[in-house]
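Participant: Hey, dropping coords_15.cif in here, mmCIF, C-alpha atoms:
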```cif
data_data
#
loop_
_atom_site.label_atom_id
_atom_site.label_comp_id
_atom_site.auth_asym_id
_atom_site.auth_seq_id
_atom_site.Cartn_x
_atom_site.Cartn_y
_atom_site.Cartn_z
CA MET A 244 153.55 -136.46 -6.82
CA GLN A 245 154.00 -136.50 -3.05
CA ASN A 246 156.57 -134.60 -1.07
CA SER A 247 157.77 -134.47 2.50
CA LEU A 248 160.09 -132.03 4.27
CA LYS A 249 161.85 -132.67 7.55
CA LYS A 250 164.31 -130.41 9.33
CA ILE A 251 166.86 -131.79 11.74
CA THR A 252 168.87 -129.71 14.19
CA LEU A 253 172.49 -130.47 15.04
CA GLU A 254 174.59 -128.97 17.83
CA THR A 255 178.20 -128.97 16.75
CA LYS A 256 180.98 -128.79 19.30
CA LYS A 257 184.18 -128.24 17.29
CA GLN A 258 185.34 -125.86 14.58
CA PHE A 259 185.62 -128.81 12.16
CA GLU A 260 183.35 -131.84 12.53
CA ILE A 261 182.06 -134.52 10.22
CA ILE A 262 178.73 -135.86 11.49
CA ASP A 263 177.10 -138.96 10.00
CA ILE A 264 173.42 -138.15 9.36
CA THR A 265 172.64 -141.25 7.27
CA GLU A 266 170.17 -142.74 9.77
CA HIS A 267 168.27 -139.44 10.03
CA VAL A 268 167.90 -139.35 6.25
CA LYS A 269 166.88 -143.02 6.00
CA LYS A 270 164.22 -142.53 8.69
CA THR A 271 162.91 -139.45 6.90
CA VAL A 272 162.59 -141.43 3.66
CA THR A 273 160.77 -144.28 5.46
CA ASP A 274 158.46 -141.89 7.33
CA SER A 275 157.59 -140.05 4.10
CA GLY A 276 155.87 -143.14 2.65
CA ILE A 277 157.36 -142.32 -0.75
CA LYS A 278 158.39 -145.48 -2.58
CA ASN A 279 160.12 -144.12 -5.69
CA GLY A 280 161.67 -140.71 -6.17
CA ILE A 281 164.51 -138.64 -4.78
CA ALA A 282 165.76 -137.33 -1.46
CA VAL A 283 167.48 -133.97 -1.37
CA ILE A 284 169.65 -133.28 1.67
CA PHE A 285 170.34 -129.54 1.95
CA CYS A 286 172.36 -127.41 4.35
CA PRO A 287 171.15 -123.77 4.51
CA HIS A 288 174.44 -122.51 5.97
CA THR A 289 177.38 -120.91 4.13
CA THR A 290 180.02 -122.38 6.44
CA ALA A 291 178.90 -126.01 6.43
CA ALA A 292 178.42 -128.70 3.79
CA ILE A 293 176.71 -131.98 2.91
CA ARG A 294 178.85 -134.76 1.41
CA LEU A 295 178.86 -138.51 0.73
CA ASN A 296 181.76 -140.76 1.59
CA HIS A 297 182.95 -143.76 3.59
CA ASN A 298 182.52 -143.50 7.38
CA GLU A 299 185.99 -144.51 8.46
CA PRO A 300 187.78 -142.51 11.21
CA LEU A 301 191.21 -142.37 9.56
CA LEU A 302 189.64 -141.24 6.28
CA MET A 303 187.82 -138.45 8.20
CA GLN A 304 191.23 -137.31 9.50
CA ASP A 305 192.65 -137.41 5.97
CA ILE A 306 189.76 -135.29 4.66
CA MET A 307 190.25 -132.74 7.45
CA LYS A 308 194.01 -132.55 6.79
CA MET A 309 193.49 -132.08 3.04
CA LEU A 310 190.88 -129.34 3.53
CA TYR A 311 193.18 -127.46 5.89
CA ARG A 312 196.07 -127.82 3.42
CA LEU A 313 193.92 -126.50 0.57
CA VAL A 314 192.28 -123.73 2.61
CA PRO A 315 194.39 -122.88 5.66
CA ILE A 316 192.94 -120.85 8.52
CA ASP A 317 195.97 -118.57 8.79
CA THR A 318 195.76 -117.17 5.24
CA SER A 319 194.51 -113.59 4.88
CA TYR A 320 190.90 -113.70 3.62
CA SER A 321 189.31 -110.48 2.38
CA HIS A 322 186.03 -111.63 3.92
CA ASP A 323 187.67 -111.21 7.33
CA LEU A 324 188.56 -107.54 6.80
CA PHE A 325 185.68 -106.22 8.90
CA GLU A 326 186.95 -102.64 8.76
CA VAL A 327 186.58 -102.71 4.94
CA ARG A 328 183.42 -104.82 4.52
CA GLN A 329 179.93 -103.41 4.74
CA ASN A 330 177.02 -104.77 6.79
CA VAL A 331 179.14 -106.75 9.24
CA ALA A 332 177.09 -108.32 12.03
CA PRO A 333 178.23 -107.40 15.57
CA ASN A 334 178.95 -111.06 16.44
CA GLU A 335 180.51 -112.03 13.10
CA ARG A 336 183.43 -114.46 13.17
CA SER A 337 186.65 -114.38 11.14
CA ASN A 338 185.60 -117.34 9.04
CA GLY A 339 186.65 -116.65 5.46
CA HIS A 340 188.36 -120.06 5.43
CA ALA A 341 185.07 -121.81 6.34
CA HIS A 342 183.18 -120.08 3.52
CA VAL A 343 185.83 -121.14 0.99
CA LYS A 344 185.80 -124.75 2.23
CA ALA A 345 181.98 -124.84 2.04
CA PHE A 346 182.10 -123.43 -1.50
CA LEU A 347 184.43 -126.28 -2.53
CA LEU A 348 182.39 -129.01 -0.80
CA GLY A 349 178.82 -128.01 -1.67
CA SER A 350 175.59 -127.58 0.25
CA SER A 351 173.48 -130.54 -0.90
CA GLU A 352 173.26 -134.10 -2.15
CA THR A 353 170.44 -135.67 -4.17
CA LEU A 354 169.93 -139.42 -3.86
CA PRO A 355 167.50 -141.85 -5.48
CA VAL A 356 164.73 -143.52 -3.51
CA GLU A 357 163.69 -146.92 -4.82
CA LYS A 358 161.09 -149.23 -3.26
CA GLY A 359 160.98 -146.99 -0.19
CA GLU A 360 164.73 -147.23 0.40
CA LEU A 361 167.46 -144.66 0.04
CA LEU A 362 169.95 -145.90 -2.56
CA LEU A 363 173.49 -145.61 -1.24
CA GLY A 364 176.63 -147.49 -2.18
CA THR A 365 177.77 -150.22 0.20
CA LYS A 366 180.33 -147.97 1.92
CA GLN A 367 178.54 -144.64 1.46
CA SER A 368 177.28 -142.50 4.31
CA ILE A 369 175.78 -139.01 4.30
CA PHE A 370 177.69 -136.39 6.25
CA PHE A 371 177.05 -132.94 7.61
CA VAL A 372 180.41 -131.15 7.57
CA GLU A 373 180.83 -128.35 10.11
CA LEU A 374 183.48 -125.83 9.07
CA ASP A 375 182.87 -123.01 11.59
CA GLY A 376 181.54 -124.59 14.79
CA GLY A 377 180.43 -125.07 17.40
CA ARG A 378 176.95 -123.82 16.90
CA SER A 379 173.39 -124.85 16.26
CA ARG A 380 172.84 -126.05 12.67
CA GLU A 381 169.93 -127.20 10.54
CA VAL A 382 169.69 -129.76 7.75
CA GLN A 383 166.64 -129.98 5.52
CA ILE A 384 165.61 -133.30 3.96
CA LYS A 385 163.09 -133.11 1.13
CA VAL A 386 161.68 -136.37 -0.28
CA LEU A 387 159.80 -136.19 -3.61
CA GLY A 388 158.14 -138.97 -5.55
CA GLU A 389 155.31 -141.46 -5.73
#
```
For this file, write the structure as structure tokens.
Facilitator:
Amino acid sequence: MQNSLKKITLETKKQFEIIDITEHVKKTVTDSGIKNGIAVIFCPHTTAAIRLNHNEPLLMQDIMKMLYRLVPIDTSYSHDLFEVRQNVAPNERSNGHAHVKAFLLGSSETLPVEKGELLLGTKQSIFFVELDGGRSREVQIKVLGE
């Protein structure tokens, strides 16, 4: 079995952003030389996510609105009680809402690779979802197979 790992860096600009990374992942699969297997797209951050969906601007707005309805910023999150928590970093943000959103969305997607191509539905794209930006972020793409 062969494997390949590529890390991509993203610079987010807004607190909430949905960034299409489909082409990065497709190129990584092609460059790996793996013909049949899987691609795992993983986000090593606790305030960001990886998701699949349709890349349509109005849908992206709908997703943002729903996430903010489900997990509003202005709710009191225990995570943000710095005077009570232990081991708080000096530059830590009040971002309890972003952690909860990331928990609901998930940190990875696993997709099949067949005949050297990433298998996605006709309308599917792969997204990095920033929930506590702007900042520098990393996405890891691991391709495994033959």
Participant: Quick one: residues within 10 Å of range 258-274 of chain A, all atoms listed in the file, excluding same-chain residues fewer than 2 positions away - as a PyMOL selection string?
Facilitator: chain A and resi 247-251+253+255-256+276-278+280-284+291-298+300+303-304+306-307+311+341+356+359-363+367-378+382-387
Participant: For the structure provided, state which residues fall under the PyMOL selection byres ((chain A and resi 345) around 8), and present them as JSON, numbers by chain.
Facilitator: {"A": [289, 290, 291, 292, 341, 342, 343, 344, 346, 347, 348, 349, 350, 374]}
Participant: So, with only C-alpha atoms as the atoms that count, which of A:Gly364, A:Pro287, A:Gly339, A:Pro355 lies closest to Ile316 in chain A?
Facilitator: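 Nearest candidate to Ile316 in chain A out of A:Gly364, A:Pro287, A:Gly339, A:Pro355: A:Gly339.
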Participant: Might you pull out every residue within 9 Å of Tyr320 in chain A, with all atoms listed in the file counted and same-chain residues fewer than 3 positions away left off, and present them as a list in words?
Facilitator: Ile316, Asp317, Asp323, Leu324, Ser337, Asn338, Gly339 and His340 of chain A
Participant: Using the structure just given, write a file holding N, CA and C atoms for range 274-304 of chain A, as an mmCIF file, in the first residue's frame.
Facilitator:
```
data_model
loop_
_atom_site.group_PDB
_atom_site.id
_atom_site.type_symbol
_atom_site.label_atom_id
_atom_site.label_comp_id
_atom_site.auth_asym_id
_atom_site.auth_seq_id
_atom_site.Cartn_x
_atom_site.Cartn_y
_atom_site.Cartn_z
ATOM 1 N N ASP A 274 -1.345 13.983 -7.880
ATOM 2 C CA ASP A 274 0.098 13.995 -7.616
ATOM 3 C C ASP A 274 0.567 12.763 -6.840
ATOM 4 N N SER A 275 -0.322 12.154 -6.065
ATOM 5 C CA SER A 275 0.055 10.992 -5.255
ATOM 6 C C SER A 275 0.356 9.769 -6.109
ATOM 7 N N GLY A 276 -0.233 9.698 -7.318
ATOM 8 C CA GLY A 276 -0.067 8.533 -8.177
ATOM 9 C C GLY A 276 -0.898 7.338 -7.748
ATOM 10 N N ILE A 277 -1.666 7.484 -6.701
ATOM 11 C CA ILE A 277 -2.514 6.389 -6.211
ATOM 12 C C ILE A 277 -3.760 6.305 -7.079
ATOM 13 N N LYS A 278 -4.036 5.102 -7.556
ATOM 14 C CA LYS A 278 -5.158 4.896 -8.489
ATOM 15 C C LYS A 278 -6.445 4.479 -7.781
ATOM 16 N N ASN A 279 -6.330 3.677 -6.737
ATOM 17 C CA ASN A 279 -7.515 3.183 -6.035
ATOM 18 C C ASN A 279 -7.251 3.197 -4.536
ATOM 19 N N GLY A 280 -8.137 3.840 -3.800
ATOM 20 C CA GLY A 280 -7.961 3.924 -2.359
ATOM 21 C C GLY A 280 -8.891 4.954 -1.751
ATOM 22 N N ILE A 281 -8.348 5.710 -0.801
ATOM 23 C CA ILE A 281 -9.137 6.749 -0.136
ATOM 24 C C ILE A 281 -8.298 8.002 0.048
ATOM 25 N N ALA A 282 -9.003 9.114 0.169
ATOM 26 C CA ALA A 282 -8.385 10.388 0.531
ATOM 27 C C ALA A 282 -9.062 10.864 1.813
ATOM 28 N N VAL A 283 -8.243 11.185 2.793
ATOM 29 C CA VAL A 283 -8.756 11.709 4.055
ATOM 30 C C VAL A 283 -8.351 13.177 4.123
ATOM 31 N N ILE A 284 -9.337 14.033 4.308
ATOM 32 C CA ILE A 284 -9.099 15.466 4.413
ATOM 33 C C ILE A 284 -9.363 15.832 5.864
ATOM 34 N N PHE A 285 -8.322 16.307 6.561
ATOM 35 C CA PHE A 285 -8.390 16.496 8.012
ATOM 36 C C PHE A 285 -7.973 17.912 8.395
ATOM 37 N N CYS A 286 -8.709 18.482 9.323
ATOM 38 C CA CYS A 286 -8.419 19.812 9.855
ATOM 39 C C CYS A 286 -7.961 19.663 11.304
ATOM 40 N N PRO A 287 -6.695 19.996 11.613
ATOM 41 C CA PRO A 287 -6.184 19.822 12.973
ATOM 42 C C PRO A 287 -6.469 21.016 13.900
ATOM 43 N N HIS A 288 -7.603 21.659 13.705
ATOM 44 C CA HIS A 288 -7.967 22.818 14.524
ATOM 45 C C HIS A 288 -9.323 22.566 15.188
ATOM 46 N N THR A 289 -9.486 23.046 16.410
ATOM 47 C CA THR A 289 -10.736 22.812 17.145
ATOM 48 C C THR A 289 -11.790 23.893 16.922
ATOM 49 N N THR A 290 -11.474 24.870 16.086
ATOM 50 C CA THR A 290 -12.464 25.906 15.763
ATOM 51 C C THR A 290 -12.620 26.064 14.252
ATOM 52 N N ALA A 291 -12.469 24.952 13.554
ATOM 53 C CA ALA A 291 -12.669 24.916 12.100
ATOM 54 C C ALA A 291 -13.157 23.515 11.750
ATOM 55 N N ALA A 292 -13.628 23.344 10.516
ATOM 56 C CA ALA A 292 -14.217 22.066 10.126
ATOM 57 C C ALA A 292 -13.955 21.772 8.655
ATOM 58 N N ILE A 293 -14.203 20.526 8.285
ATOM 59 C CA ILE A 293 -14.162 20.082 6.888
ATOM 60 C C ILE A 293 -15.535 19.493 6.584
ATOM 61 N N ARG A 294 -16.153 19.946 5.489
ATOM 62 C CA ARG A 294 -17.489 19.459 5.126
ATOM 63 C C ARG A 294 -17.611 19.333 3.612
ATOM 64 N N LEU A 295 -18.596 18.550 3.184
ATOM 65 C CA LEU A 295 -18.969 18.414 1.772
ATOM 66 C C LEU A 295 -20.322 19.069 1.562
ATOM 67 N N ASN A 296 -20.463 19.754 0.449
ATOM 68 C CA ASN A 296 -21.776 20.272 0.070
ATOM 69 C C ASN A 296 -21.679 20.916 -1.300
ATOM 70 N N HIS A 297 -22.765 21.544 -1.697
ATOM 71 C CA HIS A 297 -22.889 22.213 -2.991
ATOM 72 C C HIS A 297 -22.305 23.620 -2.871
ATOM 73 N N ASN A 298 -21.449 24.010 -3.827
ATOM 74 C CA ASN A 298 -20.838 25.332 -3.802
ATOM 75 C C ASN A 298 -21.756 26.324 -4.508
ATOM 76 N N GLU A 299 -22.677 26.847 -3.741
ATOM 77 C CA GLU A 299 -23.644 27.809 -4.265
ATOM 78 C C GLU A 299 -23.730 28.937 -3.241
ATOM 79 N N PRO A 300 -23.481 30.187 -3.635
ATOM 80 C CA PRO A 300 -23.377 31.295 -2.679
ATOM 81 C C PRO A 300 -24.574 31.463 -1.747
ATOM 82 N N LEU A 301 -25.787 31.337 -2.253
ATOM 83 C CA LEU A 301 -26.948 31.517 -1.372
ATOM 84 C C LEU A 301 -27.058 30.378 -0.358
ATOM 85 N N LEU A 302 -26.666 29.180 -0.755
ATOM 86 C CA LEU A 302 -26.638 28.059 0.182
ATOM 87 C C LEU A 302 -25.599 28.319 1.276
ATOM 88 N N MET A 303 -24.445 28.880 0.913
ATOM 89 C CA MET A 303 -23.412 29.199 1.914
ATOM 90 C C MET A 303 -23.962 30.187 2.943
ATOM 91 N N GLN A 304 -24.753 31.159 2.489
ATOM 92 C CA GLN A 304 -25.400 32.101 3.411
ATOM 93 C C GLN A 304 -26.387 31.380 4.321
#
```
